[in-house]
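*Asks:* I have a structure here, written as structure tokens, and I will follow up with some questions on it.
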Amino acid sequence: MQRLRRHVVVKVQTPCRDARDAASLSQMNRVHHLYCASRHWARAAEQKLVPWALDGVDLGEDVLEVGPGLGATTRVLARRPGRLSVIELENSSAQRLRTEFAPRVDVLQGDATNMPLPDSRFSGVACFTMLHHLPSPESQDRLFTEACRVLRPGGVFAGSDSLGGSVVFWLFHITDTFVRLEPEELADRLQTAGFVEPRVHAIKSSVRFVARKPK
Ligand SMILES: C[S@@+](CC[C@H](N)C(=O)[O-])C[C@H]1O[C@@H](n2cnc3c(N)ncnc32)[C@H](O)[C@@H]1O
């Protein structure tokens, strides 16, 4: 209870496993959507966000990105050698991703808390700026468990998320979902999901993490 009370949920919605409802739960507000498609965000993803989140992290040669949105972070991952797959909840975003990236990236439309993907397939799973869009801490935990399931033994899960704070950030999340990751709880939550050696690093506005599936 203590933990749940401290999580910030900007839009309180009923968690639902149905894909159609889940898609509507994740919808970003219009301004937020436009920003995610902007050059400014693309530059930030390329020059700051992905390099910071993956500093010193080796995701290996078969990587899954969850919650790629409109592709700013996918564009950076796609330049790396090896195979890249993405799973995105919103149909329209998945279509846009296919137009830009297929066939060199496998684009799957689906829910990362319940992935239609086999066990132990990927060398790495990554996610950026998407965990706070899940409707509850429980759904974030389900995503962590799923990330662990689809990783090979020894595989790496890494990513980053926004912690909020700026006025602009709050404007982007009016009528939108924002379930803040509490950095001091994240290592325990990753271990509960099955990971080992979790490392979490928070700065004022963001948190990054990396953890490994046991060998
Ligand atoms: C703010 S966007 C981030 C996109 C990209 N990673 C970036 O940083 O530019 C978050 C994305 O996560 C997606 N998402 C939310 N919940 C999801 C889920 N359960 N499964 C897959 N994608 C999800 C949303 O549809 C949205 O496109």
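Here, A, B, ... name the chains of the structure tokens in the order displayed, residue numbers run from 1 inside each chain, and ligands are numbered from 1 in the same displayed order.
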List all protein, DNA and RNA residues that have at least one atom no more than 9 Å from any atom of ligand 1, counting only C-alpha atoms and all ligand atoms, and write them as an mmCIF file with N, CA and C atoms, in the first residue's frame.

*Replies:*
data_model
loop_
_atom_site.group_PDB
_atom_site.id
_atom_site.type_symbol
_atom_site.label_atom_id
_atom_site.label_comp_id
_atom_site.auth_asym_id
_atom_site.auth_seq_id
_atom_site.Cartn_x
_atom_site.Cartn_y
_atom_site.Cartn_z
ATOM 1 N N ALA A 19 -6.736 -6.116 -25.491
ATOM 2 C CA ALA A 19 -5.806 -5.324 -26.305
ATOM 3 C C ALA A 19 -6.413 -3.997 -26.746
ATOM 4 N N ALA A 22 -6.491 -1.764 -23.813
ATOM 5 C CA ALA A 22 -5.115 -1.449 -23.442
ATOM 6 C C ALA A 22 -4.561 -0.394 -24.378
ATOM 7 N N ALA A 23 -4.919 -0.493 -25.672
ATOM 8 C CA ALA A 23 -4.437 0.510 -26.628
ATOM 9 C C ALA A 23 -4.958 1.886 -26.244
ATOM 10 N N SER A 24 -6.222 1.967 -25.868
ATOM 11 C CA SER A 24 -6.736 3.291 -25.518
ATOM 12 C C SER A 24 -6.101 3.787 -24.228
ATOM 13 N N LEU A 25 -5.748 2.879 -23.322
ATOM 14 C CA LEU A 25 -5.105 3.307 -22.082
ATOM 15 C C LEU A 25 -3.765 3.965 -22.348
ATOM 16 N N SER A 26 -3.069 3.488 -23.371
ATOM 17 C CA SER A 26 -1.713 3.986 -23.565
ATOM 18 C C SER A 26 -1.677 5.264 -24.392
ATOM 19 N N GLN A 27 -2.819 5.689 -24.924
ATOM 20 C CA GLN A 27 -2.759 6.801 -25.865
ATOM 21 C C GLN A 27 -2.172 8.052 -25.233
ATOM 22 N N MET A 28 -1.249 8.642 -25.959
ATOM 23 C CA MET A 28 -0.614 9.853 -25.475
ATOM 24 C C MET A 28 -1.471 11.044 -25.889
ATOM 25 N N HIS A 32 1.877 15.624 -26.881
ATOM 26 C CA HIS A 32 2.921 14.651 -26.574
ATOM 27 C C HIS A 32 3.262 13.834 -27.823
ATOM 28 N N HIS A 33 2.214 13.414 -28.536
ATOM 29 C CA HIS A 33 2.388 12.629 -29.762
ATOM 30 C C HIS A 33 3.188 13.417 -30.792
ATOM 31 N N CYS A 36 6.808 13.603 -29.829
ATOM 32 C CA CYS A 36 7.538 12.344 -30.050
ATOM 33 C C CYS A 36 7.915 12.166 -31.523
ATOM 34 N N ALA A 37 7.159 12.833 -32.426
ATOM 35 C CA ALA A 37 7.455 12.730 -33.857
ATOM 36 C C ALA A 37 8.393 13.855 -34.317
ATOM 37 N N TRP A 41 12.925 15.806 -30.617
ATOM 38 C CA TRP A 41 12.954 14.561 -29.842
ATOM 39 C C TRP A 41 13.890 13.534 -30.503
ATOM 40 N N ALA A 42 13.869 13.495 -31.840
ATOM 41 C CA ALA A 42 14.754 12.554 -32.553
ATOM 42 C C ALA A 42 16.208 12.836 -32.194
ATOM 43 N N ALA A 45 16.897 11.813 -28.595
ATOM 44 C CA ALA A 45 17.003 10.349 -28.476
ATOM 45 C C ALA A 45 18.366 9.873 -28.959
ATOM 46 N N LEU A 49 19.475 10.498 -24.981
ATOM 47 C CA LEU A 49 18.704 9.469 -24.268
ATOM 48 C C LEU A 49 19.277 8.060 -24.438
ATOM 49 N N VAL A 50 19.412 7.606 -25.686
ATOM 50 C CA VAL A 50 19.873 6.220 -25.893
ATOM 51 C C VAL A 50 21.339 6.058 -25.457
ATOM 52 N N GLU A 65 13.013 -4.133 -28.755
ATOM 53 C CA GLU A 65 12.648 -2.876 -28.089
ATOM 54 C C GLU A 65 11.150 -2.906 -27.789
ATOM 55 N N VAL A 66 10.788 -2.585 -26.557
ATOM 56 C CA VAL A 66 9.366 -2.530 -26.218
ATOM 57 C C VAL A 66 8.932 -1.063 -26.117
ATOM 58 N N GLY A 67 7.759 -0.787 -26.677
ATOM 59 C CA GLY A 67 7.230 0.581 -26.645
ATOM 60 C C GLY A 67 8.030 1.553 -27.490
ATOM 61 N N PRO A 68 8.244 1.249 -28.774
ATOM 62 C CA PRO A 68 9.055 2.130 -29.621
ATOM 63 C C PRO A 68 8.357 3.416 -30.046
ATOM 64 N N GLY A 69 7.031 3.474 -29.878
ATOM 65 C CA GLY A 69 6.305 4.704 -30.223
ATOM 66 C C GLY A 69 6.435 5.033 -31.688
ATOM 67 N N LEU A 70 6.899 6.249 -31.983
ATOM 68 C CA LEU A 70 7.013 6.674 -33.384
ATOM 69 C C LEU A 70 8.422 6.475 -33.916
ATOM 70 N N GLY A 71 9.282 5.805 -33.155
ATOM 71 C CA GLY A 71 10.540 5.316 -33.731
ATOM 72 C C GLY A 71 11.790 6.123 -33.448
ATOM 73 N N ALA A 72 11.724 7.154 -32.599
ATOM 74 C CA ALA A 72 12.938 7.963 -32.370
ATOM 75 C C ALA A 72 14.060 7.105 -31.781
ATOM 76 N N THR A 73 13.709 6.240 -30.844
ATOM 77 C CA THR A 73 14.742 5.393 -30.222
ATOM 78 C C THR A 73 15.071 4.191 -31.120
ATOM 79 N N THR A 74 14.072 3.716 -31.858
ATOM 80 C CA THR A 74 14.283 2.590 -32.795
ATOM 81 C C THR A 74 15.314 2.969 -33.858
ATOM 82 N N VAL A 86 10.654 -4.953 -32.644
ATOM 83 C CA VAL A 86 9.998 -4.016 -31.724
ATOM 84 C C VAL A 86 8.572 -4.491 -31.487
ATOM 85 N N ILE A 87 8.057 -4.191 -30.289
ATOM 86 C CA ILE A 87 6.650 -4.474 -30.009
ATOM 87 C C ILE A 87 5.990 -3.204 -29.484
ATOM 88 N N GLU A 88 4.963 -2.763 -30.215
ATOM 89 C CA GLU A 88 4.289 -1.491 -29.910
ATOM 90 C C GLU A 88 2.791 -1.749 -29.784
ATOM 91 N N LEU A 89 2.203 -1.175 -28.744
ATOM 92 C CA LEU A 89 0.788 -1.412 -28.452
ATOM 93 C C LEU A 89 -0.153 -0.730 -29.440
ATOM 94 N N GLU A 90 0.168 0.499 -29.810
ATOM 95 C CA GLU A 90 -0.782 1.263 -30.633
ATOM 96 C C GLU A 90 -0.651 0.881 -32.103
ATOM 97 N N ASN A 91 -1.792 0.528 -32.671
ATOM 98 C CA ASN A 91 -1.831 0.093 -34.054
ATOM 99 C C ASN A 91 -1.253 1.116 -35.024
ATOM 100 N N SER A 93 0.810 3.557 -34.538
ATOM 101 C CA SER A 93 2.264 3.717 -34.411
ATOM 102 C C SER A 93 2.977 2.513 -35.029
ATOM 103 N N ALA A 94 2.419 1.302 -34.809
ATOM 104 C CA ALA A 94 3.040 0.100 -35.387
ATOM 105 C C ALA A 94 3.053 0.201 -36.918
ATOM 106 N N GLN A 109 2.750 -5.604 -33.536
ATOM 107 C CA GLN A 109 1.780 -4.830 -32.753
ATOM 108 C C GLN A 109 1.294 -5.740 -31.631
ATOM 109 N N GLY A 110 1.447 -5.299 -30.384
ATOM 110 C CA GLY A 110 1.037 -6.145 -29.268
ATOM 111 C C GLY A 110 1.359 -5.492 -27.940
ATOM 112 N N ASP A 111 1.015 -6.216 -26.881
ATOM 113 C CA ASP A 111 1.140 -5.704 -25.515
ATOM 114 C C ASP A 111 2.390 -6.304 -24.874
ATOM 115 N N ALA A 112 3.306 -5.451 -24.480
ATOM 116 C CA ALA A 112 4.575 -5.926 -23.910
ATOM 117 C C ALA A 112 4.402 -6.538 -22.523
ATOM 118 N N THR A 113 3.203 -6.430 -21.936
ATOM 119 C CA THR A 113 2.982 -7.112 -20.659
ATOM 120 C C THR A 113 2.468 -8.538 -20.883
ATOM 121 N N ASN A 114 2.302 -8.902 -22.137
ATOM 122 C CA ASN A 114 1.776 -10.235 -22.469
ATOM 123 C C ASN A 114 2.208 -10.546 -23.907
ATOM 124 N N MET A 115 3.505 -10.808 -24.084
ATOM 125 C CA MET A 115 4.049 -10.794 -25.442
ATOM 126 C C MET A 115 3.851 -12.121 -26.182
ATOM 127 N N CYS A 127 13.975 -0.661 -23.357
ATOM 128 C CA CYS A 127 12.796 0.207 -23.417
ATOM 129 C C CYS A 127 13.188 1.600 -22.946
ATOM 130 N N PHE A 128 12.634 2.585 -23.619
ATOM 131 C CA PHE A 128 12.968 3.977 -23.327
ATOM 132 C C PHE A 128 11.684 4.797 -23.211
ATOM 133 N N THR A 129 11.572 5.535 -22.134
ATOM 134 C CA THR A 129 10.479 6.502 -21.963
ATOM 135 C C THR A 129 9.103 5.867 -22.172
ATOM 136 N N MET A 130 8.960 4.613 -21.810
ATOM 137 C CA MET A 130 7.648 3.981 -22.018
ATOM 138 C C MET A 130 7.039 3.399 -20.740
ATOM 139 N N LEU A 131 7.873 3.090 -19.751
ATOM 140 C CA LEU A 131 7.330 2.382 -18.576
ATOM 141 C C LEU A 131 6.276 3.226 -17.851
ATOM 142 N N HIS A 132 6.468 4.553 -17.826
ATOM 143 C CA HIS A 132 5.490 5.384 -17.117
ATOM 144 C C HIS A 132 4.138 5.429 -17.834
ATOM 145 N N HIS A 133 4.084 4.936 -19.072
ATOM 146 C CA HIS A 133 2.810 4.891 -19.800
ATOM 147 C C HIS A 133 1.961 3.687 -19.427
ATOM 148 N N LEU A 134 2.534 2.735 -18.697
ATOM 149 C CA LEU A 134 1.737 1.580 -18.279
ATOM 150 C C LEU A 134 0.803 2.024 -17.150
ATOM 151 N N PRO A 135 -0.387 1.430 -17.084
ATOM 152 C CA PRO A 135 -1.414 2.009 -16.211
ATOM 153 C C PRO A 135 -1.229 1.783 -14.711
ATOM 154 N N SER A 139 1.312 -3.493 -13.774
ATOM 155 C CA SER A 139 1.521 -3.766 -15.203
ATOM 156 C C SER A 139 2.989 -3.549 -15.572
ATOM 157 N N GLN A 140 3.653 -2.605 -14.907
ATOM 158 C CA GLN A 140 5.109 -2.472 -15.141
ATOM 159 C C GLN A 140 5.822 -3.753 -14.704
ATOM 160 N N LEU A 143 5.485 -6.380 -17.241
ATOM 161 C CA LEU A 143 6.410 -6.158 -18.359
ATOM 162 C C LEU A 143 7.819 -6.656 -17.998
ATOM 163 N N SER A 160 15.527 3.250 -19.873
ATOM 164 C CA SER A 160 15.449 4.471 -19.076
ATOM 165 C C SER A 160 14.009 4.970 -19.085
ATOM 166 N N ASP A 161 13.723 5.838 -18.138
ATOM 167 C CA ASP A 161 12.383 6.415 -18.094
ATOM 168 C C ASP A 161 12.456 7.821 -17.507
#

*Asks:* As number ranges by chain, please: all residues of chain A that backbone DSSP puts in strand (DSSP E or B).

*Replies:* A: 9, 62-66, 83-88, 105-109, 122-128, 151-162, 179, 196-202, 206-212

*Asks:* Show which residues sit within 7 Å of A:Val200, as a list in words. Count only C-alpha atoms, and ignore same-chain residues fewer than 3 positions away.

*Replies:* Pro183, Ala187, Arg208, Phe209 and Val210 of chain A

*Asks:* So that I have them on file, write out the residues from the current selection with C-alpha atoms, as a PDB file, in the first residue's frame.

*Replies:*
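As written to disk, part.pdb reads:
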ATOM      1  CA  PRO A 183      14.284   4.640  -8.570  1.00  0.00           C
ATOM      2  CA  ALA A 187      16.321  -2.893  -8.242  1.00  0.00           C
ATOM      3  CA  ARG A 208      18.301   4.285 -16.204  1.00  0.00           C
ATOM      4  CA  PHE A 209      18.675   0.631 -15.335  1.00  0.00           C
ATOM      5  CA  VAL A 210      20.336  -2.559 -16.457  1.00  0.00           C
TER       6      VAL A 210
END

*Asks:* For a quick check of understanding, using only C-alpha atoms, which of A:Gly155, A:Gly194, A:Gly124, A:Gly164 has the smallest distance to A:Lys215?

*Replies:*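 For A:Lys215, the nearest of the candidates is A:Gly155.
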
*Asks:* Excluding same-chain residues fewer than 3 positions from A:Ser162, what lies within 7 Å of it counting only C-alpha atoms, as a list in words?

*Replies:*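 Answer for this query is Thr129, Ser205, Ser206 and Val207 of chain A.
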
*Asks:* Could you give me the residues within stretch 6-210 of chain A that DSSP places in helix (DSSP H, G or I), as an MDAnalysis selection string?

*Replies:* chainID A and resid 6 19:26 30:36 39:53 72:77 91:101 131:133 137:150 167:172 183:192

*Asks:* Within 9 Å of A:Gly82, counting only C-alpha atoms, which residues qualify if same-chain residues fewer than 5 places away don't, as a CSV table (one decimal) with C-alpha atoms, in the first residue's frame?

*Replies:*
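The resulting file, out-v1.csv, is reproduced below:
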chain,number,residue,atom,x,y,z
A,60,GLY,CA,24.0,-8.5,-28.0
A,61,GLU,CA,23.0,-9.4,-31.6
A,62,ASP,CA,19.2,-10.1,-31.3
A,63,VAL,CA,17.4,-7.2,-29.6

*Asks:* Could you tell me how far atom CA of A:Ala202 sits from atom CA of A:Arg43, in Å to one decimal place?

*Replies:*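 So the two atoms, atom CA of A:Arg43 and atom CA of A:Ala202, lie 21.5 Å apart.
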
*Asks:* Please provide the set of residues having any atom within 10 Å of A:Thr192, restricted to only C-alpha atoms, with same-chain residues fewer than 4 positions apart removed, written as a ChimeraX atom specification.

*Replies:* /A:141,144-145,186-188,196

*Asks:* For each of A:Val31, A:Ser166, A:Ser120, A:Arg96, take the minimum atom-to-atom distance to A:Leu108, counting only C-alpha atoms, then give the residue where this is smallest.

*Replies:*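 Under the stated criterion, the closest residue is A:Arg96.
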
*Asks:* Of the candidates A:Val150, A:Val167, A:Val57, A:Pro51, which shows the shortest atom-to-atom distance to A:Arg199, using only C-alpha atoms?

*Replies:*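 Result for the nearest residue to A:Arg199: A:Val57.
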
*Asks:* How far is it from atom CA of A:Leu151 to atom CA of A:Glu197, in Å with one decimal?

*Replies:*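 Atom-to-atom, atom CA of A:Leu151 to atom CA of A:Glu197, that is 15.0 Å.
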
*Asks:* Could you please determine the separation between atom CA of A:Glu184 and atom CA of A:Pro153 in Å, to one decimal place?

*Replies:* 25.7 Å
